[in-house]
>>> print(open('work_25.txt').read())   # compact mmCIF, N, CA and C atoms and all ligand atoms
# COMPACT_ATOMS: atom_id res chain seq x y z
N MET A 1 136.56 103.32 134.39
CA MET A 1 135.82 104.55 134.61
C MET A 1 134.42 104.20 135.11
N VAL A 2 133.99 104.79 136.19
CA VAL A 2 132.74 104.47 136.84
C VAL A 2 131.54 105.14 136.17
N GLY A 3 131.69 106.27 135.63
CA GLY A 3 130.59 107.02 135.05
C GLY A 3 130.86 108.49 135.18
N HIS A 4 129.84 109.25 135.06
CA HIS A 4 130.04 110.69 135.15
C HIS A 4 128.95 111.34 135.99
N VAL A 5 129.22 112.56 136.39
CA VAL A 5 128.24 113.38 137.07
C VAL A 5 127.95 114.57 136.18
N ASP A 6 126.95 115.35 136.52
CA ASP A 6 126.67 116.51 135.67
C ASP A 6 127.61 117.68 136.01
N GLY A 7 127.52 118.70 135.19
CA GLY A 7 128.43 119.83 135.30
C GLY A 7 128.33 120.62 136.57
N ASN A 8 127.32 120.37 137.39
CA ASN A 8 127.21 121.10 138.66
C ASN A 8 128.40 120.87 139.57
N VAL A 9 129.11 119.76 139.38
CA VAL A 9 130.27 119.47 140.20
C VAL A 9 131.40 120.48 139.95
N LEU A 10 131.30 121.21 138.85
CA LEU A 10 132.32 122.20 138.52
C LEU A 10 132.17 123.50 139.30
N ALA A 11 131.04 123.69 139.96
CA ALA A 11 130.76 124.96 140.64
C ALA A 11 131.86 125.33 141.63
N GLY A 12 132.30 124.41 142.44
CA GLY A 12 133.34 124.70 143.44
C GLY A 12 134.66 125.09 142.81
N PRO A 13 135.25 124.18 142.00
CA PRO A 13 136.55 124.49 141.42
C PRO A 13 136.55 125.73 140.53
N LEU A 14 135.51 125.92 139.74
CA LEU A 14 135.51 127.08 138.84
C LEU A 14 135.22 128.38 139.56
N SER A 15 134.47 128.32 140.65
CA SER A 15 134.26 129.57 141.38
C SER A 15 135.57 130.01 142.03
N GLU A 16 136.41 129.05 142.44
CA GLU A 16 137.74 129.39 142.95
C GLU A 16 138.56 130.03 141.86
N LEU A 17 138.46 129.48 140.66
CA LEU A 17 139.28 129.93 139.54
C LEU A 17 139.03 131.38 139.18
N PHE A 18 137.80 131.83 139.26
CA PHE A 18 137.48 133.17 138.78
C PHE A 18 137.22 134.18 139.89
N GLN A 19 137.70 133.93 141.10
CA GLN A 19 137.51 134.86 142.20
C GLN A 19 138.70 135.78 142.43
N PHE A 20 139.62 135.80 141.53
CA PHE A 20 140.80 136.63 141.73
C PHE A 20 141.07 137.40 140.44
N ASP A 21 142.09 138.21 140.45
CA ASP A 21 142.47 138.97 139.26
C ASP A 21 143.02 137.99 138.22
N VAL A 22 142.22 137.72 137.20
CA VAL A 22 142.58 136.72 136.19
C VAL A 22 143.83 137.13 135.41
N THR A 23 144.15 138.40 135.40
CA THR A 23 145.34 138.82 134.65
C THR A 23 146.63 138.28 135.28
N THR A 24 146.55 137.79 136.52
CA THR A 24 147.74 137.21 137.15
C THR A 24 147.89 135.72 136.82
N ALA A 25 146.89 135.14 136.15
CA ALA A 25 146.97 133.74 135.75
C ALA A 25 147.94 133.59 134.58
N SER A 26 148.65 132.46 134.55
CA SER A 26 149.55 132.17 133.44
C SER A 26 148.87 131.24 132.46
N ALA A 27 149.13 131.47 131.18
CA ALA A 27 148.57 130.62 130.13
C ALA A 27 149.69 130.13 129.23
N ARG A 28 149.47 128.92 128.69
CA ARG A 28 150.43 128.38 127.72
C ARG A 28 149.79 128.42 126.35
N CYS A 29 150.47 129.05 125.40
CA CYS A 29 149.97 129.16 124.03
C CYS A 29 150.04 127.80 123.34
N VAL A 30 148.94 127.39 122.73
CA VAL A 30 148.90 126.10 122.01
C VAL A 30 149.85 126.13 120.82
N SER A 31 149.97 127.25 120.18
CA SER A 31 150.75 127.34 118.93
C SER A 31 152.26 127.30 119.16
N CYS A 32 152.76 128.11 120.10
CA CYS A 32 154.22 128.22 120.24
C CYS A 32 154.74 127.75 121.59
N GLY A 33 153.86 127.49 122.55
CA GLY A 33 154.31 127.00 123.85
C GLY A 33 154.74 128.09 124.81
N ASP A 34 154.65 129.34 124.41
CA ASP A 34 155.03 130.43 125.30
C ASP A 34 154.14 130.42 126.54
N VAL A 35 154.73 130.66 127.69
CA VAL A 35 153.99 130.75 128.95
C VAL A 35 154.14 132.16 129.49
N ALA A 36 153.02 132.80 129.74
CA ALA A 36 153.05 134.17 130.26
C ALA A 36 151.74 134.46 130.99
N THR A 37 151.78 135.45 131.85
CA THR A 37 150.54 135.88 132.50
C THR A 37 149.65 136.56 131.45
N LEU A 38 148.35 136.55 131.71
CA LEU A 38 147.43 137.20 130.77
C LEU A 38 147.71 138.70 130.69
N ALA A 39 148.25 139.27 131.73
CA ALA A 39 148.58 140.69 131.70
C ALA A 39 149.61 141.01 130.63
N CYS A 40 150.40 140.03 130.22
CA CYS A 40 151.43 140.23 129.19
C CYS A 40 150.91 140.02 127.78
N ALA A 41 149.69 139.53 127.64
CA ALA A 41 149.13 139.26 126.31
C ALA A 41 148.79 140.55 125.58
N MET A 42 148.61 140.42 124.28
CA MET A 42 148.19 141.57 123.46
C MET A 42 146.68 141.47 123.28
N VAL A 43 145.96 142.51 123.66
CA VAL A 43 144.50 142.49 123.59
C VAL A 43 144.01 143.52 122.58
N TYR A 44 143.19 143.04 121.65
CA TYR A 44 142.60 143.92 120.64
C TYR A 44 141.14 144.13 121.02
N VAL A 45 140.76 145.36 121.23
CA VAL A 45 139.42 145.68 121.71
C VAL A 45 138.51 146.00 120.52
N GLU A 46 137.49 145.16 120.33
CA GLU A 46 136.49 145.36 119.29
C GLU A 46 135.21 145.85 119.97
N PRO A 47 134.24 146.34 119.20
CA PRO A 47 133.03 146.87 119.84
C PRO A 47 132.34 145.91 120.82
N ALA A 48 132.26 144.63 120.49
CA ALA A 48 131.57 143.69 121.38
C ALA A 48 132.47 142.56 121.84
N SER A 49 133.77 142.68 121.63
CA SER A 49 134.64 141.57 122.02
C SER A 49 136.06 142.04 122.33
N LEU A 50 136.76 141.16 123.02
CA LEU A 50 138.17 141.35 123.30
C LEU A 50 138.90 140.15 122.70
N ILE A 51 139.86 140.40 121.84
CA ILE A 51 140.63 139.32 121.23
C ILE A 51 142.01 139.33 121.86
N VAL A 52 142.35 138.24 122.54
CA VAL A 52 143.60 138.15 123.29
C VAL A 52 144.59 137.32 122.48
N ARG A 53 145.71 137.91 122.15
CA ARG A 53 146.71 137.24 121.30
C ARG A 53 148.01 137.00 122.06
N CYS A 54 148.69 135.94 121.67
CA CYS A 54 149.98 135.57 122.27
C CYS A 54 151.01 136.67 122.01
N ARG A 55 151.75 137.00 123.04
CA ARG A 55 152.78 138.04 122.91
C ARG A 55 153.93 137.59 122.04
N ASN A 56 154.09 136.27 121.89
CA ASN A 56 155.23 135.73 121.16
C ASN A 56 154.93 135.43 119.69
N CYS A 57 153.79 134.78 119.40
CA CYS A 57 153.51 134.35 118.02
C CYS A 57 152.28 135.02 117.41
N ASP A 58 151.56 135.79 118.18
CA ASP A 58 150.40 136.55 117.70
C ASP A 58 149.16 135.69 117.45
N ASP A 59 149.21 134.39 117.72
CA ASP A 59 148.00 133.58 117.56
C ASP A 59 146.98 133.93 118.65
N VAL A 60 145.73 133.63 118.38
CA VAL A 60 144.67 133.96 119.33
C VAL A 60 144.70 132.99 120.51
N LEU A 61 144.78 133.54 121.71
CA LEU A 61 144.72 132.74 122.94
C LEU A 61 143.28 132.61 123.42
N MET A 62 142.55 133.71 123.33
CA MET A 62 141.22 133.76 123.94
C MET A 62 140.40 134.85 123.27
N VAL A 63 139.10 134.61 123.17
CA VAL A 63 138.18 135.64 122.69
C VAL A 63 137.07 135.77 123.72
N ILE A 64 136.80 136.98 124.13
CA ILE A 64 135.71 137.26 125.06
C ILE A 64 134.68 138.09 124.31
N VAL A 65 133.49 137.53 124.18
CA VAL A 65 132.39 138.23 123.51
C VAL A 65 131.42 138.70 124.57
N GLN A 66 131.14 139.98 124.55
CA GLN A 66 130.24 140.56 125.55
C GLN A 66 128.96 141.03 124.88
N GLU A 67 127.87 140.37 125.24
CA GLU A 67 126.53 140.73 124.76
C GLU A 67 125.77 141.33 125.93
N PRO A 68 124.67 142.02 125.68
CA PRO A 68 123.94 142.63 126.80
C PRO A 68 123.51 141.62 127.87
N ASP A 69 123.20 140.38 127.48
CA ASP A 69 122.68 139.41 128.45
C ASP A 69 123.64 138.27 128.77
N LEU A 70 124.85 138.28 128.20
CA LEU A 70 125.79 137.20 128.50
C LEU A 70 127.20 137.57 128.09
N THR A 71 128.15 136.80 128.64
CA THR A 71 129.54 136.89 128.22
C THR A 71 129.99 135.49 127.82
N CYS A 72 130.61 135.36 126.66
CA CYS A 72 131.10 134.07 126.17
C CYS A 72 132.62 134.13 126.06
N ILE A 73 133.29 133.12 126.62
CA ILE A 73 134.76 133.07 126.60
C ILE A 73 135.19 131.84 125.81
N GLU A 74 135.98 132.05 124.77
CA GLU A 74 136.52 130.95 123.95
C GLU A 74 138.00 130.86 124.26
N LEU A 75 138.46 129.68 124.68
CA LEU A 75 139.82 129.51 125.20
C LEU A 75 140.67 128.54 124.41
N ARG A 76 140.30 128.20 123.21
CA ARG A 76 141.00 127.11 122.52
C ARG A 76 142.46 127.40 122.17
N GLY A 77 142.90 128.63 122.26
CA GLY A 77 144.30 128.94 121.97
C GLY A 77 145.23 128.69 123.13
N MET A 78 144.68 128.24 124.26
CA MET A 78 145.50 127.98 125.44
C MET A 78 145.58 126.48 125.70
N ALA A 79 146.79 125.99 125.94
CA ALA A 79 146.94 124.60 126.36
C ALA A 79 146.43 124.45 127.79
N TRP A 80 146.70 125.47 128.60
CA TRP A 80 146.21 125.47 129.97
C TRP A 80 146.25 126.89 130.52
N LEU A 81 145.53 127.08 131.60
CA LEU A 81 145.51 128.34 132.34
C LEU A 81 145.84 128.00 133.78
N GLN A 82 146.92 128.58 134.30
CA GLN A 82 147.39 128.26 135.65
C GLN A 82 147.06 129.40 136.59
N VAL A 83 146.38 129.06 137.68
CA VAL A 83 145.90 130.06 138.62
C VAL A 83 146.73 130.02 139.89
N PRO A 84 147.31 131.14 140.31
CA PRO A 84 148.05 131.15 141.57
C PRO A 84 147.09 131.03 142.75
N ARG A 85 147.50 130.33 143.80
CA ARG A 85 146.65 130.18 145.00
C ARG A 85 147.22 130.97 146.14
ZN ZN A 101 152.19 131.77 120.91
>>> encode(input="work_25.txt", output="structure tokens", more="lines below")
Ligand SMILES: [Zn+2]
Amino acid sequence: MVGHVDGNVLAGPLSELFQFDVTTASARCVSCGDVATLACAMVYVEPASLIVRCRNCDDVLMVIVQEPDLTCIELRGMAWLQVPR
């Protein structure tokens, strides 16, 4: 391994990732291995957050917290997120 660069190198790949309808992306649940588009997930709407749960096992896939000055996305319930090109 040669070393590392800073996170600015992510600007290109991540801007590609979030320029489309994210609900068409497929995710794999860490808990049960189910693969489905985000549109198929179960979403619980709280006053300041969206809790996204697996359609198969009900474990949390993702939490989106919306504050007036920022949005925070926690993705630890997904093994991966696959984006169609
Ligand atoms: Zn699951």
>>> closest_atom_pairs(input="work_25.txt", of="chain A", to="ligand ZN 101 (chain A)", cutoff="6.5 Å", atoms="only N, CA and C atoms and all ligand atoms", output="JSON lines")
{"residue": "A:Cys29", "atom": "CA", "partner": "A:ZN101", "partner_atom": "ZN", "distance": 4.6}
{"residue": "A:Val30", "atom": "N", "partner": "A:ZN101", "partner_atom": "ZN", "distance": 5.7}
{"residue": "A:Ser31", "atom": "C", "partner": "A:ZN101", "partner_atom": "ZN", "distance": 4.8}
{"residue": "A:Cys32", "atom": "N", "partner": "A:ZN101", "partner_atom": "ZN", "distance": 3.8}
{"residue": "A:Gly33", "atom": "N", "partner": "A:ZN101", "partner_atom": "ZN", "distance": 4.9}
{"residue": "A:Asp34", "atom": "N", "partner": "A:ZN101", "partner_atom": "ZN", "distance": 4.9}
{"residue": "A:Cys54", "atom": "CA", "partner": "A:ZN101", "partner_atom": "ZN", "distance": 4.6}
{"residue": "A:Arg55", "atom": "N", "partner": "A:ZN101", "partner_atom": "ZN", "distance": 5.7}
{"residue": "A:Asn56", "atom": "C", "partner": "A:ZN101", "partner_atom": "ZN", "distance": 4.7}
{"residue": "A:Cys57", "atom": "N", "partner": "A:ZN101", "partner_atom": "ZN", "distance": 3.7}
{"residue": "A:Asp58", "atom": "N", "partner": "A:ZN101", "partner_atom": "ZN", "distance": 4.9}
{"residue": "A:Asp59", "atom": "N", "partner": "A:ZN101", "partner_atom": "ZN", "distance": 5.1}
>>> residues_near_point(input="work_25.txt", point="(149.5, 131.3, 134.9)", cutoff="12 Å", atoms="only C-alpha atoms", output="list in words")
Leu17, Asp21, Val22, Thr23, Thr24, Ala25, Ser26, Ala27, Arg28, Cys29, Asp34, Val35, Ala36, Thr37, Leu38, Ala39, Cys40, Ala41, Met78, Ala79, Trp80, Leu81, Gln82, Val83, Pro84 and Arg85 of chain A
>>> atom_distance(input="work_25.txt", atom1="atom N of Leu50 in chain A", atom2="atom N of Phe20 in chain A")
19.5 Å
>>> closest_residue(input="work_25.txt", among="A:Leu70, A:Leu75, A:Val2, A:Leu10", to="Val52 in chain A", atoms="only C-alpha atoms")
A:Leu75
>>> residues_around(input="work_25.txt", residues="Ser49 in chain A", least_positions_apart="5", cutoff="7 Å", atoms="all atoms listed in the file", output="PyMOL selection string")
chain A and resi 44+63-66
>>> select_by_dssp(input="work_25.txt", residues="chain A", states="strand (DSSP E or B)", output="MDAnalysis selection string")
chainID A and resid 26:29 35:37 42:46 49:53 60:67 70:74 78:82
>>> atom_distance(input="work_25.txt", atom1="CA of Gln19 in chain A", atom2="CA of Asp6 in chain A")
22.3 Å
>>> atom_distance(input="work_25.txt", atom1="CA of Pro47 in chain A", atom2="atom N of Thr71 in chain A")
14.2 Å
>>> select_by_dssp(input="work_25.txt", residues="chain A", states="alpha helix (DSSP H)", output="ChimeraX atom specification")
/A:11-17
>>> axis_aligned_box(input="work_25.txt", around="range 48-58 of chain A", padding_each_side="3 Å", output="JSON")
{"center_x": 143.4, "center_y": 139.5, "center_z": 120.4, "size_x": 29.7, "size_y": 16.3, "size_z": 11.9}
